[in-house]
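K.L.:
File entry06.csv below, CSV, C-alpha atoms:
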```
chain,number,residue,atom,x,y,z
T,1,MET,CA,6.4,39.9,9.5
T,2,ALA,CA,8.6,40.5,12.6
T,3,ARG,CA,10.6,43.2,10.9
T,4,LEU,CA,7.4,44.9,9.7
T,5,SER,CA,6.0,44.8,13.2
T,6,VAL,CA,9.1,46.3,14.7
T,7,HIS,CA,9.2,49.0,12.0
T,8,ARG,CA,5.6,49.9,12.7
T,9,ALA,CA,6.4,50.0,16.4
T,10,GLU,CA,9.3,52.4,15.8
T,11,SER,CA,7.1,54.6,13.7
T,12,ARG,CA,4.4,54.6,16.4
T,13,ILE,CA,7.0,55.5,19.0
T,14,LYS,CA,8.2,58.5,17.0
T,15,THR,CA,4.5,59.7,16.9
T,16,LEU,CA,4.2,59.2,20.6
T,17,ALA,CA,7.5,60.7,21.2
T,18,HIS,CA,6.6,64.0,19.5
T,19,PRO,CA,2.9,64.7,20.1
T,20,GLY,CA,3.0,68.3,19.2
T,21,SER,CA,5.7,70.2,21.2
T,22,VAL,CA,5.8,67.6,24.1
T,23,THR,CA,9.1,65.8,24.3
T,24,VAL,CA,9.2,62.3,25.9
T,25,PRO,CA,12.4,61.7,27.9
T,26,SER,CA,14.8,59.2,26.5
T,27,ALA,CA,14.2,56.7,29.3
T,28,GLY,CA,10.5,57.0,28.6
T,29,ARG,CA,10.9,56.4,24.9
T,30,VAL,CA,12.8,53.2,25.7
T,31,ALA,CA,10.1,52.1,28.1
T,32,VAL,CA,7.4,52.7,25.5
T,33,LEU,CA,9.5,50.9,22.8
T,34,LEU,CA,9.8,47.8,25.1
T,35,LEU,CA,6.1,47.9,25.9
T,36,LEU,CA,5.0,48.1,22.3
T,37,LEU,CA,7.5,45.4,21.2
T,38,SER,CA,6.1,43.1,23.9
T,39,ILE,CA,2.6,43.6,22.4
T,40,LEU,CA,3.3,43.7,18.7
T,41,VAL,CA,6.2,41.2,18.1
T,42,PRO,CA,4.0,38.2,19.2
T,43,ILE,CA,1.8,39.0,16.2
T,44,ALA,CA,4.6,37.4,14.1
T,45,VAL,CA,4.8,34.3,16.3
T,46,PRO,CA,1.8,32.3,15.0
T,47,ALA,CA,3.3,32.3,11.5
T,48,ALA,CA,6.6,30.9,12.9
T,49,GLU,CA,4.7,28.3,15.0
T,50,ALA,CA,2.5,27.2,12.1
T,51,GLY,CA,5.2,24.9,10.8
T,52,ALA,CA,5.7,23.4,14.2
T,53,GLN,CA,2.0,22.6,14.9
T,54,ASN,CA,1.0,19.1,15.6
T,55,ILE,CA,-0.3,17.1,12.5
T,56,THR,CA,-2.5,14.0,12.6
T,57,LEU,CA,-2.6,12.0,9.5
T,58,LYS,CA,-5.5,9.6,9.0
T,59,LEU,CA,-4.4,6.3,7.6
T,60,ALA,CA,-7.0,3.9,6.2
T,61,ALA,CA,-6.0,0.2,6.7
T,62,ASN,CA,-8.3,-2.8,6.1
T,63,VAL,CA,-6.2,-5.2,8.3
T,64,PRO,CA,-7.2,-7.5,11.0
T,65,ALA,CA,-6.5,-6.4,14.6
T,66,ASN,CA,-3.2,-7.7,15.9
T,67,SER,CA,-2.2,-9.1,12.5
T,68,LEU,CA,1.3,-8.6,11.1
T,69,TRP,CA,0.2,-5.5,9.2
T,70,ASP,CA,-1.7,-4.1,12.1
T,71,ILE,CA,1.4,-4.4,14.3
T,72,GLY,CA,3.6,-2.9,11.6
T,73,LEU,CA,1.3,0.1,11.3
T,74,LYS,CA,1.2,0.7,15.0
T,75,ARG,CA,5.0,0.6,15.1
T,76,MET,CA,5.0,3.1,12.2
T,77,ALA,CA,2.7,5.4,14.2
T,78,ALA,CA,5.0,5.2,17.3
T,79,GLU,CA,8.1,5.9,15.2
T,80,PHE,CA,6.5,8.9,13.5
T,81,ALA,CA,5.6,10.4,16.9
T,82,ARG,CA,9.1,9.7,18.2
T,83,ALA,CA,11.1,10.9,15.2
T,84,SER,CA,9.0,14.1,14.9
T,85,GLY,CA,9.0,14.9,18.7
T,86,GLY,CA,5.2,14.4,18.7
T,87,ARG,CA,4.6,16.8,15.8
T,88,VAL,CA,3.4,14.1,13.3
T,89,LYS,CA,1.0,11.5,14.4
T,90,ILE,CA,-0.8,8.6,12.6
T,91,PHE,CA,-4.4,7.7,13.4
T,92,ILE,CA,-6.1,4.7,11.9
T,93,PRO,CA,-9.9,5.2,11.8
T,94,PRO,CA,-11.6,2.0,13.1
T,95,THR,CA,-14.2,2.2,10.4
T,96,THR,CA,-11.6,1.6,7.7
T,97,ARG,CA,-10.6,-1.9,9.1
T,98,THR,CA,-13.6,-3.4,7.3
T,99,ALA,CA,-13.8,-1.0,4.3
T,100,SER,CA,-13.5,-2.2,0.7
T,101,ASP,CA,-10.7,-1.0,-1.5
T,102,SER,CA,-13.1,1.3,-3.4
T,103,ASP,CA,-14.3,2.8,-0.1
T,104,ILE,CA,-10.8,3.5,1.0
T,105,ILE,CA,-10.0,5.3,-2.3
T,106,ARG,CA,-13.2,7.3,-2.0
T,107,ASP,CA,-12.3,8.3,1.5
T,108,MET,CA,-8.9,9.5,0.4
T,109,LYS,CA,-10.7,12.0,-1.8
T,110,LEU,CA,-12.6,13.3,1.2
T,111,ASP,CA,-11.1,13.2,4.7
T,112,VAL,CA,-8.5,10.4,4.8
T,113,ASP,CA,-4.9,11.3,4.3
T,114,GLY,CA,-3.4,8.0,3.3
T,115,ALA,CA,-3.8,4.2,3.2
T,116,LEU,CA,-2.2,0.9,3.3
T,117,LEU,CA,-3.4,-0.5,-0.1
T,118,ASN,CA,-3.2,-4.0,-1.3
T,119,THR,CA,-2.8,-5.1,-5.0
T,120,TYR,CA,-6.4,-4.2,-5.9
T,121,GLY,CA,-6.4,-0.9,-4.0
T,122,LEU,CA,-3.3,0.3,-5.8
T,123,ALA,CA,-4.9,-0.8,-9.1
T,124,TYR,CA,-7.8,1.6,-8.5
T,125,LEU,CA,-5.2,4.4,-8.6
T,126,TYR,CA,-3.0,3.0,-11.3
T,127,PRO,CA,-4.6,0.1,-13.3
T,128,ASP,CA,-1.3,-1.1,-14.8
T,129,SER,CA,0.0,-2.1,-11.4
T,130,LEU,CA,-2.4,-5.1,-11.4
T,131,ALA,CA,-0.1,-6.7,-14.0
T,132,LEU,CA,2.3,-7.4,-11.0
T,133,SER,CA,-0.2,-9.8,-9.6
T,134,MET,CA,-1.6,-11.5,-12.7
T,135,PRO,CA,-1.3,-15.3,-12.3
T,136,GLY,CA,1.7,-16.9,-13.8
T,137,LEU,CA,3.7,-13.8,-14.8
T,138,ILE,CA,6.1,-13.7,-11.7
T,139,GLY,CA,7.1,-17.0,-10.0
T,140,SER,CA,9.7,-16.3,-7.4
T,141,ASP,CA,10.9,-13.8,-4.8
T,142,LYS,CA,13.9,-13.0,-6.9
T,143,GLU,CA,11.8,-12.2,-9.9
T,144,PHE,CA,9.4,-10.1,-7.9
T,145,ASP,CA,12.2,-8.1,-6.3
T,146,ALA,CA,13.7,-7.4,-9.8
T,147,VAL,CA,10.3,-6.4,-11.2
T,148,LEU,CA,9.3,-4.2,-8.3
T,149,ALA,CA,12.6,-2.4,-8.5
T,150,ALA,CA,12.1,-1.8,-12.2
T,151,VAL,CA,8.5,-0.6,-12.1
T,152,SER,CA,8.4,1.3,-8.8
T,153,PRO,CA,9.8,4.6,-10.3
T,154,LEU,CA,7.1,4.3,-13.0
T,155,ILE,CA,4.3,3.8,-10.5
T,156,LYS,CA,5.5,6.7,-8.4
T,157,SER,CA,5.8,9.0,-11.4
T,158,LYS,CA,2.4,8.1,-12.8
T,159,LEU,CA,0.8,9.0,-9.4
T,160,GLU,CA,3.0,11.9,-8.3
T,161,ASP,CA,0.6,14.7,-9.3
T,162,ARG,CA,-2.0,13.4,-6.7
T,163,TYR,CA,-0.2,10.9,-4.5
T,164,VAL,CA,3.0,10.2,-2.7
T,165,VAL,CA,3.9,6.5,-2.7
T,166,LEU,CA,6.2,6.0,0.3
T,167,ALA,CA,6.6,2.2,0.0
T,168,LEU,CA,5.9,-0.7,-2.3
T,169,ALA,CA,6.6,-4.0,-0.7
T,170,LYS,CA,5.9,-7.7,-1.1
T,171,GLY,CA,2.8,-8.9,0.7
T,172,GLY,CA,3.2,-12.6,0.1
T,173,TRP,CA,2.1,-15.1,-2.4
T,174,VAL,CA,-1.1,-16.8,-3.4
T,175,ARG,CA,-1.5,-20.4,-4.3
T,176,PHE,CA,-4.2,-22.5,-5.9
T,177,PHE,CA,-6.3,-24.3,-3.3
T,178,SER,CA,-8.7,-26.9,-4.8
T,179,ARG,CA,-10.7,-30.1,-4.4
T,180,SER,CA,-8.6,-31.9,-7.1
T,181,PRO,CA,-4.9,-31.1,-8.0
T,182,ILE,CA,-4.0,-28.2,-10.3
T,183,VAL,CA,-0.7,-29.1,-11.9
T,184,TYR,CA,-1.1,-28.4,-15.7
T,185,PRO,CA,-2.9,-25.4,-17.3
T,186,SER,CA,-5.5,-27.8,-18.7
T,187,ASP,CA,-6.5,-28.7,-15.1
T,188,LEU,CA,-8.1,-25.2,-14.8
T,189,GLY,CA,-10.7,-26.3,-17.4
T,190,LYS,CA,-12.1,-28.8,-14.9
T,191,MET,CA,-12.5,-26.2,-12.2
T,192,ARG,CA,-15.2,-23.8,-11.0
T,193,ILE,CA,-13.0,-21.1,-9.5
T,194,SER,CA,-14.1,-18.3,-7.1
T,195,LEU,CA,-13.1,-14.8,-7.9
T,196,GLU,CA,-14.1,-11.3,-6.7
T,197,PRO,CA,-16.7,-9.8,-9.0
T,198,GLU,CA,-14.9,-6.6,-9.5
T,199,ASN,CA,-11.7,-8.3,-10.7
T,200,GLY,CA,-12.7,-8.2,-14.3
T,201,LYS,CA,-9.2,-8.7,-15.7
T,202,GLU,CA,-8.5,-11.8,-13.6
T,203,ILE,CA,-11.9,-13.2,-14.5
T,204,GLN,CA,-11.1,-12.8,-18.2
T,205,PHE,CA,-7.7,-14.3,-17.6
T,206,MET,CA,-9.0,-17.4,-15.9
T,207,GLN,CA,-11.8,-17.8,-18.5
T,208,SER,CA,-9.1,-18.0,-21.2
T,209,PHE,CA,-8.0,-21.3,-19.6
T,210,ASP,CA,-11.7,-22.5,-19.8
T,211,ALA,CA,-12.1,-22.2,-16.0
T,212,ARG,CA,-15.7,-21.6,-15.0
T,213,VAL,CA,-15.7,-18.5,-12.8
T,214,VAL,CA,-18.1,-18.2,-9.9
T,215,THR,CA,-18.0,-14.6,-8.5
T,216,GLY,CA,-18.1,-13.9,-4.8
T,217,SER,CA,-16.0,-12.2,-2.1
T,218,THR,CA,-13.3,-14.1,-0.3
T,219,ALA,CA,-15.7,-14.3,2.7
T,220,ASP,CA,-18.3,-15.9,0.3
T,221,PHE,CA,-15.8,-18.7,-0.5
T,222,LEU,CA,-16.7,-20.7,2.7
T,223,LEU,CA,-20.4,-20.7,1.7
T,224,GLN,CA,-19.5,-21.6,-1.9
T,225,VAL,CA,-17.3,-24.5,-0.8
T,226,ASN,CA,-19.9,-25.8,1.7
T,227,SER,CA,-22.7,-25.7,-0.9
T,228,ASN,CA,-20.4,-27.4,-3.5
T,229,ALA,CA,-20.7,-24.4,-5.8
T,230,VAL,CA,-16.9,-24.0,-6.4
T,231,ASP,CA,-13.9,-26.2,-6.7
T,232,ALA,CA,-10.9,-23.8,-6.4
T,233,ILE,CA,-9.7,-20.4,-5.4
T,234,TYR,CA,-6.3,-18.8,-5.4
T,235,LEU,CA,-5.6,-17.4,-1.9
T,236,SER,CA,-2.9,-16.6,0.6
T,237,PRO,CA,-1.8,-19.6,2.7
T,238,ILE,CA,-1.9,-17.2,5.7
T,239,PHE,CA,-5.6,-16.5,5.1
T,240,THR,CA,-6.3,-20.2,4.3
T,241,ALA,CA,-4.6,-21.3,7.6
T,242,ALA,CA,-7.0,-18.9,9.5
T,243,LEU,CA,-9.9,-20.7,7.9
T,244,TRP,CA,-8.5,-24.2,7.9
T,245,SER,CA,-10.8,-25.6,10.6
T,246,GLN,CA,-13.7,-24.8,8.2
T,247,LEU,CA,-11.9,-25.9,5.0
T,248,ARG,CA,-10.3,-29.1,6.2
T,249,GLY,CA,-11.8,-32.0,4.3
T,250,LYS,CA,-13.3,-29.7,1.6
T,251,ILE,CA,-10.1,-28.4,0.1
T,252,ALA,CA,-7.6,-31.1,-0.4
T,253,TYR,CA,-4.8,-29.6,-2.6
T,254,MET,CA,-2.5,-26.7,-2.7
T,255,SER,CA,-0.4,-25.9,-5.7
T,256,SER,CA,3.4,-26.5,-5.3
T,257,PHE,CA,4.1,-23.4,-7.5
T,258,LYS,CA,3.3,-19.8,-6.5
T,259,VAL,CA,0.5,-18.5,-8.6
T,260,ALA,CA,1.1,-14.8,-8.1
T,261,PRO,CA,2.5,-12.2,-5.7
T,262,PHE,CA,0.5,-9.5,-4.1
T,263,LEU,CA,1.9,-6.3,-2.7
T,264,GLY,CA,1.3,-3.7,-0.1
T,265,ALA,CA,1.6,0.1,-0.8
T,266,ILE,CA,1.7,2.9,1.7
T,267,VAL,CA,0.3,5.9,-0.1
T,268,PHE,CA,-0.6,9.5,1.0
T,269,THR,CA,-2.4,12.2,-0.9
T,270,LYS,CA,0.1,14.7,-2.1
T,271,ALA,CA,-1.7,17.5,-0.3
T,272,SER,CA,-1.7,15.7,3.0
T,273,TRP,CA,2.0,14.7,2.8
T,274,GLU,CA,2.9,18.3,2.1
T,275,ARG,CA,1.4,19.3,5.4
T,276,VAL,CA,4.3,17.4,7.0
T,277,PRO,CA,7.2,19.8,7.6
T,278,ALA,CA,9.7,19.4,4.8
T,279,GLU,CA,12.6,18.8,7.2
T,280,LEU,CA,10.9,15.8,8.7
T,281,ARG,CA,9.8,14.1,5.5
T,282,PRO,CA,13.1,12.3,4.6
T,283,GLN,CA,13.3,10.7,8.0
T,284,LEU,CA,9.7,9.6,8.1
T,285,GLU,CA,10.0,8.2,4.6
T,286,ARG,CA,12.9,6.1,5.7
T,287,ILE,CA,10.8,4.8,8.7
T,288,VAL,CA,8.0,3.7,6.3
T,289,LEU,CA,10.5,2.0,4.0
T,290,ASP,CA,12.3,0.2,6.9
T,291,ILE,CA,9.0,-1.0,8.5
T,292,SER,CA,7.6,-2.1,5.1
T,293,THR,CA,10.7,-4.2,4.4
T,294,GLN,CA,10.5,-5.8,7.9
T,295,MET,CA,6.8,-6.6,7.4
T,296,SER,CA,7.7,-8.3,4.1
T,297,LEU,CA,10.4,-10.4,5.8
T,298,ASP,CA,8.1,-11.3,8.7
T,299,GLY,CA,5.3,-12.1,6.3
T,300,ALA,CA,7.4,-14.7,4.5
T,301,LYS,CA,8.1,-16.5,7.8
T,302,ILE,CA,4.5,-16.4,8.8
T,303,GLU,CA,3.5,-17.7,5.3
T,304,GLU,CA,5.9,-20.6,5.7
T,305,GLU,CA,4.5,-21.4,9.1
T,306,ALA,CA,0.9,-21.2,7.8
T,307,ILE,CA,1.7,-23.8,5.1
T,308,LYS,CA,3.1,-26.2,7.7
T,309,SER,CA,-0.1,-25.7,9.8
T,310,LEU,CA,-2.4,-27.0,7.0
T,311,ASP,CA,-2.6,-30.5,8.3
T,312,GLY,CA,-3.9,-32.9,5.7
T,313,ILE,CA,-3.2,-30.7,2.7
T,314,ARG,CA,-1.6,-32.4,-0.3
T,315,ILE,CA,1.0,-30.5,-2.5
T,316,PRO,CA,1.5,-32.3,-5.8
T,317,PRO,CA,4.9,-31.7,-7.4
T,318,GLU,CA,5.2,-29.8,-10.6
T,319,PRO,CA,6.8,-31.9,-13.3
T,320,ALA,CA,9.2,-30.3,-15.8
T,321,ASP,CA,6.6,-30.7,-18.7
T,322,ALA,CA,4.0,-28.9,-16.5
T,323,ALA,CA,6.4,-25.9,-16.0
T,324,ALA,CA,7.0,-25.8,-19.8
T,325,ASP,CA,3.2,-25.9,-20.4
T,326,TRP,CA,2.6,-22.9,-18.1
T,327,ALA,CA,5.5,-21.0,-19.7
T,328,LYS,CA,4.0,-21.6,-23.2
T,329,GLU,CA,0.5,-20.6,-22.1
T,330,MET,CA,1.8,-17.4,-20.4
T,331,ALA,CA,3.8,-16.4,-23.4
T,332,GLN,CA,0.7,-16.6,-25.6
T,333,ARG,CA,-1.3,-14.4,-23.2
T,334,ARG,CA,1.6,-12.0,-22.6
T,335,ASN,CA,1.7,-11.3,-26.4
T,336,GLY,CA,-2.1,-11.4,-26.7
T,337,MET,CA,-4.7,-10.5,-24.1
T,338,LEU,CA,-2.3,-8.8,-21.6
T,339,THR,CA,-1.4,-6.2,-24.2
T,340,GLN,CA,-5.0,-5.2,-24.3
T,341,MET,CA,-5.2,-5.0,-20.5
T,342,PHE,CA,-2.0,-3.2,-19.6
T,343,SER,CA,0.2,-0.5,-21.2
T,344,ILE,CA,3.1,-1.6,-23.3
T,345,ASP,CA,5.7,0.5,-21.4
T,346,PHE,CA,4.7,-1.2,-18.1
T,347,LEU,CA,4.8,-4.7,-19.6
T,348,GLU,CA,8.1,-4.1,-21.3
T,349,LYS,CA,9.7,-3.0,-18.0
T,350,MET,CA,8.4,-6.2,-16.4
T,351,ASP,CA,9.7,-8.2,-19.3
T,352,GLU,CA,13.2,-6.7,-19.1
T,353,ALA,CA,13.4,-7.2,-15.3
T,354,LEU,CA,12.2,-10.8,-15.5
T,355,ALA,CA,14.7,-11.6,-18.3
T,356,ASN,CA,17.5,-10.2,-16.2
T,357,ALA,CA,16.4,-12.1,-13.1
T,358,ARG,CA,16.1,-15.4,-15.0
T,359,ARG,CA,19.5,-15.0,-16.7
T,360,ALA,CA,21.1,-14.5,-13.3
T,361,LYS,CA,19.9,-17.8,-11.9
```
Give the structure from the file, written as structure tokens.
P.N.:
Amino acid sequence: MARLSVHRAESRIKTLAHPGSVTVPSAGRVAVLLLLLSILVPIAVPAAEAGAQNITLKLAANVPANSLWDIGLKRMAAEFARASGGRVKIFIPPTTRTASDSDIIRDMKLDVDGALLNTYGLAYLYPDSLALSMPGLIGSDKEFDAVLAAVSPLIKSKLEDRYVVLALAKGGWVRFFSRSPIVYPSDLGKMRISLEPENGKEIQFMQSFDARVVTGSTADFLLQVNSNAVDAIYLSPIFTAALWSQLRGKIAYMSSFKVAPFLGAIVFTKASWERVPAELRPQLERIVLDISTQMSLDGAKIEEEAIKSLDGIRIPPEPADAAADWAKEMAQRRNGMLTQMFSIDFLEKMDEALANARRAK
């Protein structure tokens, strides 16, 4: 554009320099050239500046104010602004703090650029990812690290035509919280368990243990417990600790074993992420990864502290025969109903990673 503008300026000067038989002095030609260049060359500048314009990315996040995740996202926003010299900014619309996962996904198709998604939000985009948080499949941090490393490339490749997955990280663990102890698989048959109504696969899974499912949101759980409508739920100890003043005396037991992990994913639409200057993307991606890793580490410490704060909770030990029973039941479901819920290639990657992690113990 700049070369074209200069060429046109020179052509125009020649026309001005020879209007009929009039000759413009050499000094005058130079003055005219400088004048025209000062007018025409800036025409090329907006194209050069377009790549340097400020970009604001709207990031949806249903997280409580001042929580671990809220603080992490604020730090990410500050680091984006610092690393990009103010060219790339993160804005979290306040309305998304109470939005459902489905609402957030819908907004990403409209005017939201990205989101911090939990297990269920990611499953809206890629249903197989829910297998990571199905109860009983993964039982330790070591196993989850191995599985996440194995399936992350698959998740990213399945979404890459529409989304850019910048980070997949551990979000903590859920445990059974119940009126009576849950130690053996058969204990579930004695329970009325609260589950979100849209979590069809988990409902089917729990029903396969003869558990009686009562649907309701996590917020509904307090009402369900107080009205004696449910006996159990599987929930994060962090969330349980926040509600403990209302649950104390109504929920007596927490499982000693971890029921399932849940994860967090920072995802942007492909179109939105490509608005970020290409030279900045690698550094911003490292920032997201570093902060996500730190949030996972901090979350583990907070979860440990949350469990300690549950005064009066009882944690029955898991006998060896109980662990064997769970393994047997899970193997049957892995080769049965789970093959109907999730793709074989995803399950096989999980199987291989789990086998390697367990051999390395």
K.L.:
From the list T:Leu159, T:Ala167, T:Ala150, T:Ala81, which residue is nearest Met295 (chain T) when using only C-alpha atoms?
P.N.:
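Nearest to Met295 (chain T): T:Ala167.
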K.L.:
Starting from the point (8.4, -19.5, -20.0), work out which residues of protein, DNA or RNA have an atom no more than 12 Å away when counting all atoms listed in the file; state them as a PyMOL selection string.
P.N.:
chain T and resi 136-139+320-334+351+354-355+358
K.L.:
If you count all atoms listed in the file, which residues fall within 10 Å of Arg212 (chain T), apart from same-chain ones fewer than 6 positions away, as a JSON list (two decimals) with C-alpha atoms, keeping the file's coordinate frame?
P.N.:
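Result file result35.json:
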```
[["chain", "number", "residue", "atom", "x", "y", "z"],
["T", 188, "LEU", "CA", -8.10, -25.20, -14.80],
["T", 189, "GLY", "CA", -10.70, -26.30, -17.40],
["T", 190, "LYS", "CA", -12.10, -28.80, -14.90],
["T", 191, "MET", "CA", -12.50, -26.20, -12.20],
["T", 192, "ARG", "CA", -15.20, -23.80, -11.00],
["T", 193, "ILE", "CA", -13.00, -21.10, -9.50],
["T", 194, "SER", "CA", -14.10, -18.30, -7.10],
["T", 203, "ILE", "CA", -11.90, -13.20, -14.50],
["T", 206, "MET", "CA", -9.00, -17.40, -15.90],
["T", 230, "VAL", "CA", -16.90, -24.00, -6.40],
["T", 231, "ASP", "CA", -13.90, -26.20, -6.70]]
```
K.L.:
Mind pulling up the distance from CA of Ala99 (chain T) to CA of Arg275 (chain T)?
P.N.:
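Distance between the two atoms: 25.4 Å.
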K.L.:
Write out as a list in words each polymer residue whose atoms come within 9 Å of Asp145 (chain T), counting all atoms listed in the file; drop sequence neighbours fewer than 5 positions from it.
P.N.:
Ser140, Ala150, Ala169, Lys170 and Ala357 of chain T
K.L.:
My list of candidates is T:Ala353, T:Leu59, T:Val174, T:Leu117. Which is closest to Ile92 (chain T) when distances are computed with only C-alpha atoms?
P.N.:
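Of the candidates, the smallest distance to Ile92 (chain T) is held by T:Leu59.
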K.L.:
Quick one: pull the distance between CA of Pro93 (chain T) and CA of Leu110 (chain T), Å, one decimal.
P.N.:
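Taking CA of Pro93 (chain T) as the start and CA of Leu110 (chain T) as the end point, the length is 13.6 Å.
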K.L.:
Here is a test: counting only C-alpha atoms, which residue of T:Met108, T:Ile233, T:Leu195, T:Met254 is nearest to Glu318 (chain T)?
P.N.:
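Of the candidates, the smallest distance to Glu318 (chain T) is held by T:Met254.
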K.L.:
Calculated over all atoms listed in the file, which of the candidates T:Tyr234, T:Phe209, T:Phe144, T:Tyr126 has the smallest distance to Ser157 (chain T)?
P.N.:
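Under the stated criterion, the closest residue is T:Tyr126.
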K.L.:
Residues proximal to (-7.6, 16.6, 5.2) were defined as those with any atom within 9 Å of that point in the file's coordinates, counting all atoms listed in the file. Which are they, as JSON, numbers by chain?
P.N.:
{"T": [57, 58, 108, 109, 110, 111, 112, 113, 271, 272]}
K.L.:
Where atoms are missing, can you supply N, CA and C atoms for region 191-204 of chain T and output the lot as a PDB file, in the coordinates of the input?
P.N.:
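Result file result09.pdb:
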```
ATOM      1  N   MET T 191     -12.253 -26.823 -13.480  1.00  0.00           N
ATOM      2  CA  MET T 191     -12.500 -26.200 -12.200  1.00  0.00           C
ATOM      3  C   MET T 191     -13.615 -25.095 -12.303  1.00  0.00           C
ATOM      4  N   ARG T 192     -14.381 -24.992 -11.229  1.00  0.00           N
ATOM      5  CA  ARG T 192     -15.200 -23.800 -11.000  1.00  0.00           C
ATOM      6  C   ARG T 192     -14.431 -23.007  -9.944  1.00  0.00           C
ATOM      7  N   ILE T 193     -13.968 -21.833 -10.352  1.00  0.00           N
ATOM      8  CA  ILE T 193     -13.000 -21.100  -9.500  1.00  0.00           C
ATOM      9  C   ILE T 193     -13.726 -19.810  -8.986  1.00  0.00           C
ATOM     10  N   SER T 194     -13.520 -19.509  -7.727  1.00  0.00           N
ATOM     11  CA  SER T 194     -14.100 -18.300  -7.100  1.00  0.00           C
ATOM     12  C   SER T 194     -13.229 -17.123  -7.254  1.00  0.00           C
ATOM     13  N   LEU T 195     -13.826 -16.026  -7.774  1.00  0.00           N
ATOM     14  CA  LEU T 195     -13.100 -14.800  -7.900  1.00  0.00           C
ATOM     15  C   LEU T 195     -13.972 -13.602  -7.526  1.00  0.00           C
ATOM     16  N   GLU T 196     -13.332 -12.562  -7.030  1.00  0.00           N
ATOM     17  CA  GLU T 196     -14.100 -11.300  -6.700  1.00  0.00           C
ATOM     18  C   GLU T 196     -14.741 -10.768  -7.910  1.00  0.00           C
ATOM     19  N   PRO T 197     -15.994 -10.311  -7.810  1.00  0.00           N
ATOM     20  CA  PRO T 197     -16.700  -9.800  -9.000  1.00  0.00           C
ATOM     21  C   PRO T 197     -16.120  -8.628  -9.673  1.00  0.00           C
ATOM     22  N   GLU T 198     -15.427  -7.769  -8.897  1.00  0.00           N
ATOM     23  CA  GLU T 198     -14.900  -6.600  -9.500  1.00  0.00           C
ATOM     24  C   GLU T 198     -13.515  -6.803 -10.184  1.00  0.00           C
ATOM     25  N   ASN T 199     -12.974  -8.003 -10.060  1.00  0.00           N
ATOM     26  CA  ASN T 199     -11.700  -8.300 -10.700  1.00  0.00           C
ATOM     27  C   ASN T 199     -11.843  -8.767 -12.105  1.00  0.00           C
ATOM     28  N   GLY T 200     -12.317  -7.865 -12.944  1.00  0.00           N
ATOM     29  CA  GLY T 200     -12.700  -8.200 -14.300  1.00  0.00           C
ATOM     30  C   GLY T 200     -11.511  -8.792 -15.115  1.00  0.00           C
ATOM     31  N   LYS T 201     -10.321  -8.246 -14.939  1.00  0.00           N
ATOM     32  CA  LYS T 201      -9.200  -8.700 -15.700  1.00  0.00           C
ATOM     33  C   LYS T 201      -8.786 -10.141 -15.318  1.00  0.00           C
ATOM     34  N   GLU T 202      -8.831 -10.424 -14.037  1.00  0.00           N
ATOM     35  CA  GLU T 202      -8.500 -11.800 -13.600  1.00  0.00           C
ATOM     36  C   GLU T 202      -9.575 -12.774 -14.031  1.00  0.00           C
ATOM     37  N   ILE T 203     -10.825 -12.338 -14.025  1.00  0.00           N
ATOM     38  CA  ILE T 203     -11.900 -13.200 -14.500  1.00  0.00           C
ATOM     39  C   ILE T 203     -11.682 -13.574 -15.967  1.00  0.00           C
ATOM     40  N   GLN T 204     -11.379 -12.553 -16.768  1.00  0.00           N
ATOM     41  CA  GLN T 204     -11.100 -12.800 -18.200  1.00  0.00           C
ATOM     42  C   GLN T 204      -9.920 -13.718 -18.376  1.00  0.00           C
TER      43      GLN T 204
END
```
